[in-house]
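**Q** Structure file structure_0.cif (mmCIF, C-alpha atoms) right here:
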data_target
loop_
_atom_site.label_atom_id
_atom_site.label_comp_id
_atom_site.auth_asym_id
_atom_site.auth_seq_id
_atom_site.Cartn_x
_atom_site.Cartn_y
_atom_site.Cartn_z
CA MET A 1 10.86 -13.65 24.55
CA THR A 2 7.89 -12.28 22.62
CA ALA A 3 8.89 -10.57 19.38
CA GLN A 4 8.07 -6.87 19.14
CA TYR A 5 7.94 -4.79 15.96
CA ARG A 6 7.17 -1.25 14.81
CA ILE A 7 4.75 -1.52 11.86
CA TRP A 8 2.68 1.02 9.94
CA ASN A 9 -1.01 0.67 10.72
CA ARG A 10 -1.84 0.64 6.99
CA PHE A 11 -0.22 -2.81 6.78
CA LEU A 12 -2.55 -4.33 9.40
CA PRO A 13 -5.86 -5.74 8.11
CA VAL A 14 -9.04 -4.86 10.01
CA GLY A 15 -11.55 -6.81 7.94
CA PHE A 16 -15.28 -6.45 8.55
CA THR A 17 -14.70 -4.72 11.90
CA TYR A 18 -13.96 -1.45 10.15
CA ASP A 19 -17.35 -1.33 8.42
CA ILE A 20 -19.12 -1.89 11.74
CA ILE A 21 -17.05 0.73 13.58
CA ARG A 22 -17.34 3.24 10.72
CA ASP A 23 -21.11 2.98 10.49
CA THR A 24 -21.50 3.12 14.27
CA LEU A 25 -19.30 6.22 14.56
CA ASN A 26 -21.21 7.89 11.74
CA ILE A 27 -24.42 7.42 13.74
CA TYR A 28 -22.70 8.83 16.83
CA GLU A 29 -21.40 11.87 14.95
CA ARG A 30 -24.87 12.58 13.57
CA GLY A 31 -26.24 12.50 17.11
CA GLU A 32 -28.73 9.73 16.36
CA ASP A 33 -30.07 6.94 18.55
CA MET A 34 -27.31 4.37 19.24
CA SER A 35 -29.49 1.61 20.72
CA ASP A 36 -29.56 -0.38 17.49
CA SER A 37 -26.20 0.56 16.00
CA PRO A 38 -24.21 -1.87 13.82
CA LEU A 39 -21.94 -2.52 16.83
CA ILE A 40 -24.92 -3.44 19.03
CA GLN A 41 -26.40 -5.61 16.25
CA TRP A 42 -23.07 -7.41 15.83
CA GLY A 43 -22.94 -8.16 19.56
CA ARG A 44 -26.49 -9.46 19.65
CA ARG A 45 -25.90 -11.73 16.68
CA VAL A 46 -22.73 -13.26 18.14
CA LEU A 47 -24.37 -13.82 21.53
CA GLU A 48 -27.44 -15.41 19.95
CA GLU A 49 -25.13 -17.85 18.18
CA GLY A 50 -23.47 -18.74 21.47
CA GLY A 51 -20.17 -17.04 20.63
CA TRP A 52 -17.66 -15.01 22.63
CA TRP A 53 -18.18 -11.26 22.71
CA TYR A 54 -15.90 -9.41 25.12
CA GLY A 55 -17.08 -11.26 28.20
CA ILE A 56 -20.73 -10.31 27.82
CA GLU A 57 -21.57 -13.92 26.94
CA LYS A 58 -20.94 -14.75 30.61
CA VAL A 59 -23.65 -12.48 32.04
CA LEU A 60 -27.31 -13.37 32.43
CA PRO A 61 -29.38 -12.92 29.22
CA ARG A 62 -31.52 -10.18 30.76
CA ARG A 63 -28.39 -8.12 31.44
CA ARG A 64 -26.80 -8.51 28.02
CA GLU A 65 -28.37 -5.38 26.51
CA SER A 66 -26.82 -3.36 29.30
CA GLY A 67 -23.50 -5.09 28.63
CA LEU A 68 -23.72 -4.30 24.92
CA ARG A 69 -24.37 -0.62 25.62
CA GLY A 70 -21.47 -0.57 28.06
CA ARG A 71 -19.16 -2.06 25.45
CA GLN A 72 -20.33 0.49 22.90
CA LYS A 73 -19.59 3.31 25.34
CA LEU A 74 -16.03 2.03 25.74
CA VAL A 75 -15.61 2.13 21.96
CA ILE A 76 -16.99 5.68 21.77
CA ASP A 77 -14.71 6.78 24.63
CA LEU A 78 -11.76 5.23 22.79
CA TYR A 79 -12.78 7.06 19.64
CA LEU A 80 -12.95 10.41 21.42
CA ASP A 81 -9.60 9.84 23.08
CA MET A 82 -7.90 8.98 19.79
CA LYS A 83 -9.63 11.85 18.05
CA ASN A 84 -8.18 14.27 20.61
CA ASN A 85 -4.86 12.64 21.41
CA GLY A 86 -4.00 10.27 18.58
CA TYR A 87 -2.48 6.83 18.99
CA ASN A 88 -0.89 6.37 22.43
CA ASP A 89 1.61 3.60 21.55
CA SER A 90 -0.54 0.89 23.11
CA VAL A 91 0.29 -2.67 22.04
CA ILE A 92 -1.41 -4.19 19.02
CA SER A 93 -1.29 -7.99 19.17
CA ILE A 94 -0.36 -9.62 15.84
CA PHE A 95 0.93 -12.81 14.23
CA PHE A 96 2.17 -13.93 10.79
CA ASP A 97 1.09 -16.72 8.48
CA ASN A 98 3.45 -18.91 6.46
CA ASP A 99 3.25 -16.56 3.46
CA GLY A 100 4.63 -13.70 5.54
CA ASN A 101 1.29 -11.89 5.81
CA VAL A 102 0.63 -10.03 9.05
CA LYS A 103 -2.61 -10.76 10.88
CA VAL A 104 -4.24 -8.97 13.81
CA TYR A 105 -5.03 -10.90 16.98
CA ASP A 106 -6.14 -7.99 19.18
CA GLY A 107 -6.53 -4.30 18.39
CA PHE A 108 -9.24 -4.26 15.73
CA HIS A 109 -11.17 -1.41 17.36
CA ARG A 110 -8.11 0.85 17.62
CA LEU A 111 -7.09 0.07 14.06
CA SER A 112 -10.61 0.73 12.77
CA ILE A 113 -10.80 4.03 14.63
CA MET A 114 -7.41 5.11 13.28
CA LYS A 115 -8.58 4.29 9.76
CA TYR A 116 -11.82 6.20 10.35
CA LEU A 117 -9.90 9.25 11.60
CA GLY A 118 -7.29 9.02 8.86
CA ILE A 119 -4.49 8.52 11.38
CA GLU A 120 -1.29 7.00 10.00
CA ALA A 121 1.15 5.81 12.63
CA ILE A 122 3.88 3.29 13.22
CA LEU A 123 2.39 0.97 15.81
CA ASN A 124 3.81 -0.88 18.77
CA CYS A 125 3.14 -4.47 17.68
CA MET A 126 3.80 -7.64 19.60
CA ILE A 127 3.41 -11.27 18.56
CA SER A 128 0.45 -12.77 20.40
CA THR A 129 1.38 -15.41 22.96
CA ARG A 130 -1.34 -17.59 21.41
CA GLU A 131 -0.04 -17.30 17.85
CA GLU A 132 3.23 -17.48 15.92
CA ASP A 133 5.85 -15.22 14.40
CA PHE A 134 6.99 -15.96 10.85
CA PRO A 135 9.65 -18.73 11.00
CA LEU A 136 12.35 -16.61 9.37
CA VAL A 137 15.47 -18.53 10.35
CA GLU A 138 13.90 -21.93 9.73
CA THR A 139 12.56 -20.92 6.30
CA VAL A 140 15.83 -19.39 5.09
CA THR A 141 17.83 -22.35 6.39
CA GLU A 142 15.59 -24.88 4.68
CA ILE A 143 15.32 -23.27 1.24
CA ASN A 144 19.02 -22.35 1.11
CA GLY A 145 20.33 -25.64 2.43
CA GLY A 146 21.84 -24.28 5.62
CA ARG A 147 22.74 -20.94 7.17
CA ASN A 148 22.99 -19.20 3.80
CA LEU A 149 21.46 -16.13 2.17
CA TYR A 150 21.42 -15.34 -1.52
CA GLN A 151 21.21 -11.60 -0.80
CA PRO A 152 22.23 -9.57 2.26
CA CYS A 153 19.72 -9.00 5.04
CA ASP A 154 20.17 -6.70 8.03
CA ASP A 155 17.83 -8.66 10.30
CA GLU A 156 19.71 -9.53 13.49
CA ARG A 157 18.55 -13.16 13.32
CA LEU A 158 20.36 -13.61 9.99
CA LYS A 159 23.44 -11.59 10.86
CA ARG A 160 25.82 -14.57 10.91
CA PHE A 161 24.47 -16.26 7.78
CA HIS A 162 26.79 -16.67 4.80
CA VAL A 163 25.83 -14.41 1.84
CA TRP A 164 26.34 -15.90 -1.61
CA ARG A 165 26.09 -12.64 -3.57
CA LYS A 166 28.62 -10.53 -1.74
CA ASP A 167 28.56 -7.97 -4.56
CA SER A 168 24.94 -7.04 -3.87
CA HIS A 169 25.71 -3.66 -2.29
CA LYS A 170 27.92 -2.74 -5.27
CA ARG A 171 25.19 -3.86 -7.66
CA LEU A 172 22.73 -1.73 -5.72
CA GLN A 173 24.91 1.36 -6.00
CA PHE A 174 25.12 0.95 -9.77
CA ILE A 175 21.36 0.49 -10.03
CA LEU A 176 20.60 3.50 -7.81
CA ARG A 177 22.76 5.75 -9.97
CA LYS A 178 20.80 4.78 -13.06
CA THR A 179 17.17 4.41 -11.98
CA GLY A 180 14.58 7.07 -12.70
CA GLY A 181 10.87 7.64 -12.60
CA SER A 182 8.88 6.14 -9.75
CA THR A 183 8.09 2.46 -10.39
CA VAL A 184 10.23 -0.68 -10.16
CA LEU A 185 9.56 -4.33 -10.92
CA ASP A 186 12.04 -6.65 -9.20
CA ILE A 187 11.87 -9.94 -11.10
CA GLY A 188 13.22 -12.87 -9.08
CA CYS A 189 13.32 -10.77 -5.93
CA SER A 190 14.56 -13.68 -3.77
CA GLU A 191 14.82 -12.46 -0.14
CA GLY A 192 13.93 -8.95 -1.29
CA PHE A 193 17.17 -7.01 -0.76
CA PHE A 194 16.83 -4.82 -3.86
CA SER A 195 13.07 -4.41 -3.42
CA ARG A 196 13.48 -3.13 0.13
CA GLU A 197 16.39 -0.85 -0.67
CA LEU A 198 14.53 0.81 -3.54
CA ALA A 199 11.36 1.12 -1.46
CA LYS A 200 13.39 2.88 1.24
CA ARG A 201 14.26 5.48 -1.37
CA GLY A 202 10.67 6.18 -2.30
CA TYR A 203 10.16 3.94 -5.32
CA LYS A 204 6.88 2.09 -5.77
CA VAL A 205 8.19 -1.46 -5.94
CA THR A 206 6.61 -4.71 -7.05
CA ALA A 207 8.52 -7.78 -5.86
CA LEU A 208 7.98 -10.87 -8.01
CA ASP A 209 9.22 -14.42 -7.59
CA VAL A 210 8.19 -17.93 -8.61
CA GLY A 211 9.14 -19.26 -5.18
CA ARG A 212 6.32 -18.89 -2.66
CA ARG A 213 8.61 -19.22 0.36
CA ARG A 214 11.17 -16.74 -0.95
CA LEU A 215 8.40 -14.27 -1.59
CA ALA A 216 7.10 -14.92 1.93
CA ILE A 217 10.53 -13.96 3.34
CA ALA A 218 10.58 -10.78 1.27
CA ARG A 219 7.04 -9.86 2.34
CA TYR A 220 7.70 -10.49 6.03
CA LEU A 221 10.96 -8.51 6.10
CA SER A 222 9.37 -5.55 4.36
CA ILE A 223 6.36 -5.51 6.71
CA ILE A 224 8.42 -5.55 9.90
CA GLY A 225 10.55 -2.84 8.31
CA SER A 226 7.41 -0.77 7.57
CA LEU A 227 8.23 -0.70 3.86
CA ASP A 228 5.32 -0.47 1.43
CA LEU A 229 5.77 -3.04 -1.36
CA GLU A 230 3.51 -4.98 -3.66
CA TYR A 231 4.07 -8.70 -4.16
CA HIS A 232 3.29 -11.16 -6.90
CA LEU A 233 3.85 -14.90 -7.06
CA GLY A 234 4.31 -16.22 -10.57
CA LYS A 235 6.22 -16.09 -13.83
CA TRP A 236 7.42 -12.73 -15.06
CA GLN A 237 6.34 -13.47 -18.63
CA LEU A 238 2.69 -13.58 -17.61
CA TYR A 239 2.80 -10.77 -15.08
CA ILE A 240 4.35 -8.13 -17.33
CA GLU A 241 1.98 -8.62 -20.27
CA ASP A 242 -0.33 -5.68 -19.51
CA LYS A 243 1.89 -3.56 -17.26
CA ARG A 244 4.56 -0.92 -17.59
CA PHE A 245 7.34 0.07 -15.19
CA ASP A 246 9.94 2.82 -15.25
CA ASN A 247 12.58 0.31 -14.17
CA VAL A 248 12.79 -3.48 -14.31
CA LEU A 249 15.41 -5.45 -12.40
CA PHE A 250 16.10 -8.72 -14.19
CA LEU A 251 18.98 -9.88 -12.04
CA SER A 252 20.31 -13.42 -12.44
CA VAL A 253 17.03 -14.77 -13.80
CA PHE A 254 17.73 -15.26 -17.50
CA HIS A 255 20.10 -18.22 -17.18
CA HIS A 256 17.38 -20.06 -15.25
CA ASP A 257 15.05 -19.40 -18.20
CA ILE A 258 17.67 -20.76 -20.61
CA LEU A 259 18.09 -23.92 -18.54
CA ALA A 260 14.31 -24.40 -18.38
CA LEU A 261 13.29 -23.33 -21.91
CA GLY A 262 16.39 -23.66 -24.06
CA VAL A 263 18.49 -20.88 -25.56
CA GLU A 264 16.29 -19.82 -28.47
CA GLU A 265 12.99 -19.89 -26.57
CA ALA A 266 14.50 -17.96 -23.65
CA PHE A 267 15.70 -15.20 -26.00
CA LYS A 268 12.31 -15.17 -27.72
CA GLN A 269 10.62 -14.65 -24.34
CA LEU A 270 12.63 -11.41 -23.94
CA GLU A 271 10.35 -9.88 -26.57
CA ARG A 272 7.81 -9.48 -23.77
CA PHE A 273 9.87 -6.57 -22.40
CA ARG A 274 9.14 -4.50 -25.51
CA GLY A 275 7.20 -1.39 -24.52
CA ARG A 276 7.02 -2.51 -20.88
CA THR A 277 9.86 -0.51 -19.35
CA ARG A 278 12.13 2.46 -19.92
CA ARG A 279 15.14 0.83 -18.24
CA LEU A 280 16.02 -2.83 -17.98
CA PHE A 281 18.82 -3.95 -15.66
CA PHE A 282 19.75 -7.26 -17.21
CA GLU A 283 22.16 -9.48 -15.28
CA SER A 284 23.20 -12.91 -16.50
CA PRO A 285 26.28 -15.07 -17.02
CA ILE A 286 27.18 -14.85 -20.72
CA SER A 287 28.24 -18.51 -20.78
CA ALA A 288 26.84 -21.60 -19.11
CA LYS A 289 30.42 -22.43 -18.16
CA LYS A 290 30.28 -19.54 -15.69
CA ILE A 291 27.34 -21.05 -13.78
CA THR A 292 29.11 -22.95 -11.03
CA TRP A 293 26.24 -25.22 -10.02
CA THR A 294 25.34 -26.63 -13.46
CA SER A 295 26.11 -30.16 -14.63
CA ALA A 296 28.86 -30.90 -17.14
CA GLU A 297 26.23 -31.38 -19.84
CA GLN A 298 24.53 -28.06 -19.07
CA LYS A 299 27.82 -26.17 -19.28
CA ASN A 300 27.79 -26.76 -23.05
CA LEU A 301 24.31 -25.25 -23.41
CA TYR A 302 25.46 -21.76 -24.44
CA ASP A 303 28.66 -19.76 -24.72
CA PHE A 304 28.62 -16.16 -25.98
CA THR A 305 31.10 -13.35 -26.02
CA GLU A 306 29.88 -10.29 -24.16
CA LYS A 307 29.30 -8.46 -27.46
CA GLU A 308 27.31 -11.38 -28.91
CA PHE A 309 25.21 -11.71 -25.77
CA LYS A 310 24.46 -8.00 -25.63
CA THR A 311 23.47 -7.95 -29.31
CA ARG A 312 21.03 -10.83 -28.83
CA ILE A 313 19.40 -9.03 -25.88
CA GLU A 314 19.08 -5.78 -27.83
CA GLU A 315 17.51 -7.55 -30.81
CA ALA A 316 14.99 -9.37 -28.65
CA THR A 317 13.95 -6.42 -26.48
CA HIS A 318 14.25 -3.61 -29.07
CA MET A 319 16.24 -1.74 -26.44
CA THR A 320 19.78 -0.36 -26.48
CA ALA A 321 22.50 -1.40 -24.05
CA ILE A 322 23.99 1.93 -22.98
CA GLU A 323 26.24 0.75 -20.17
CA THR A 324 27.68 -2.43 -18.66
CA TRP A 325 28.61 -2.97 -15.02
CA HIS A 326 31.08 -5.77 -14.37
CA GLY A 327 30.86 -7.74 -11.15
CA ILE A 328 30.52 -11.45 -10.50
CA ARG A 329 28.16 -11.30 -13.47
CA PRO A 330 27.74 -8.38 -15.87
CA ILE A 331 24.70 -6.11 -15.63
CA PHE A 332 23.63 -4.58 -18.94
CA LEU A 333 21.62 -1.39 -18.63
CA LEU A 334 19.20 -1.22 -21.55
CA GLU A 335 17.01 1.74 -22.40
CA ALA A 336 14.02 1.96 -24.70
#
Is it possible to give me this structure as structure tokens?

**A**
Amino acid sequence: MTAQYRIWNRFLPVGFTYDIIRDTLNIYERGEDMSDSPLIQWGRRVLEEGGWWYGIEKVLPRRRESGLRGRQKLVIDLYLDMKNNGYNDSVISIFFDNDGNVKVYDGFHRLSIMKYLGIEAILNCMISTREEDFPLVETVTEINGGRNLYQPCDDERLKRFHVWRKDSHKRLQFILRKTGGSTVLDIGCSEGFFSRELAKRGYKVTALDVGRRRLAIARYLSIIGSLDLEYHLGKWQLYIEDKRFDNVLFLSVFHHDILALGVEEAFKQLERFRGRTRRLFFESPISAKKITWTSAEQKNLYDFTEKEFKTRIEEATHMTAIETWHGIRPIFLLEA
């Protein structure tokens, strides 16, 4: 069965087609001669190069100019119809790449006209029979070693997957009670649960992860959910250098930094948060002994009391821990 989604048109790329349609429609609206419009020029160029152009390549060369004008009239008629009646829920044919980006297979003219007219609409999108959907189940299964999710996901295809962080909804409720402003950086977004939930509530969210495939999952799920997020692949230390956010989620990332960099260097890296956020939601096990998947040697890497751990974070970030939420791992809410 072909997958069908409802997706905002602003998420669908139109590429160079928009410039051609825009300039052609501008000529039409000015009432000028259309015989050498950008649309006609595009068609001529493609046909001269022996390419496909809406079936006109099959007609005799002497009839191609007539075919080009006929195609242009169809585009103008479509423009006038959408100008008067809006989008009619016709199917836009799409597909996804392995990074979770949506691509358009068929529907460039409609999308370009909607952009030209300033129409925003949730579109009836269907995966092209000649292309592929994003391999959601296969990707999650492979990176999580089976039918597992780190965070919850309400996609029907993942409904029966085991969720490792069963406290995610409780964590979310704590975070939602404490966030403010308008911007959020979700460091280590994983499958994007927190990013999507905050975007649903009107926050401008940037989802960041060092794992390309995890970020691809987050991107794909947000697009098919018509949620407007930004994405960045890379290390948080480099990304945050010249940016500022009202809220930063730093959930279960720090112990990975400790394991990779060592205790002292990981705490030193926290200095990068200084002046970069008003609120920092800092979640981490306070002792390596509480990380279930570490080796026996790694479990001796660090062991703090909660007070000691909190003090080290405050000193490094120049922020104050005003509240602590206790779940599987504590979340310290720090404010500048």

**Q** What box, with edges along x, y and z, holds each listed atom of range 259-267 of chain A when 4 Å is added on every side, and can you state its centre and edge lengths in Å to one decimal, as lines of an AutoDock Vina configuration file?

**A**
center_x = 15.7
center_y = -19.8
center_z = -23.4
size_x = 13.5
size_y = 17.2
size_z = 18.1

**Q** To test your reading of the syntax: which residues would the PyMOL selection byres ((chain A and resi 3-20) around 9) return for the file shown? Reply as a PyMOL selection string.

**A** chain A and resi 1-2+21-25+37-39+42+94+102-104+107-109+111-116+119-128+133+223-228

**Q** Using all atoms listed in the file, determine which residues lie at most 12 Å from Ile291 in chain A, disregarding the query and same-chain residues fewer than 2 positions distant; provide the list as a list in words.

**A**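 Neighbouring residues, sequence-local ones excluded: Ser252, Phe254, His255, His256, Ile258, Leu259, Ser284, Pro285, Ile286, Ser287, Ala288, Lys289, Trp293, Thr294, Ser295, Ala296, Gln298, Lys299, Asn300, Leu301, Tyr302, Asp303, Ile328 and Arg329 of chain A.
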
**Q** Give as a list of chain:residue names the residues that the PyMOL selection byres ((chain A and resi 68) around 8) matches when applied to the coordinates above.

**A**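 On the file shown, the PyMOL selection byres ((chain A and resi 68) around 8) covers A:Ile40, A:Gly43, A:Arg44, A:Ile56, A:Arg64, A:Glu65, A:Ser66, A:Gly67, A:Arg69, A:Gly70, A:Arg71, A:Gln72.
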
**Q** Rounded to one decimal in Å, what is the spacing between CA of Tyr150 in chain A and CA of Glu283 in chain A?

**A**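 Separating CA of Tyr150 in chain A from CA of Glu283 in chain A is a distance of 15.0 Å.
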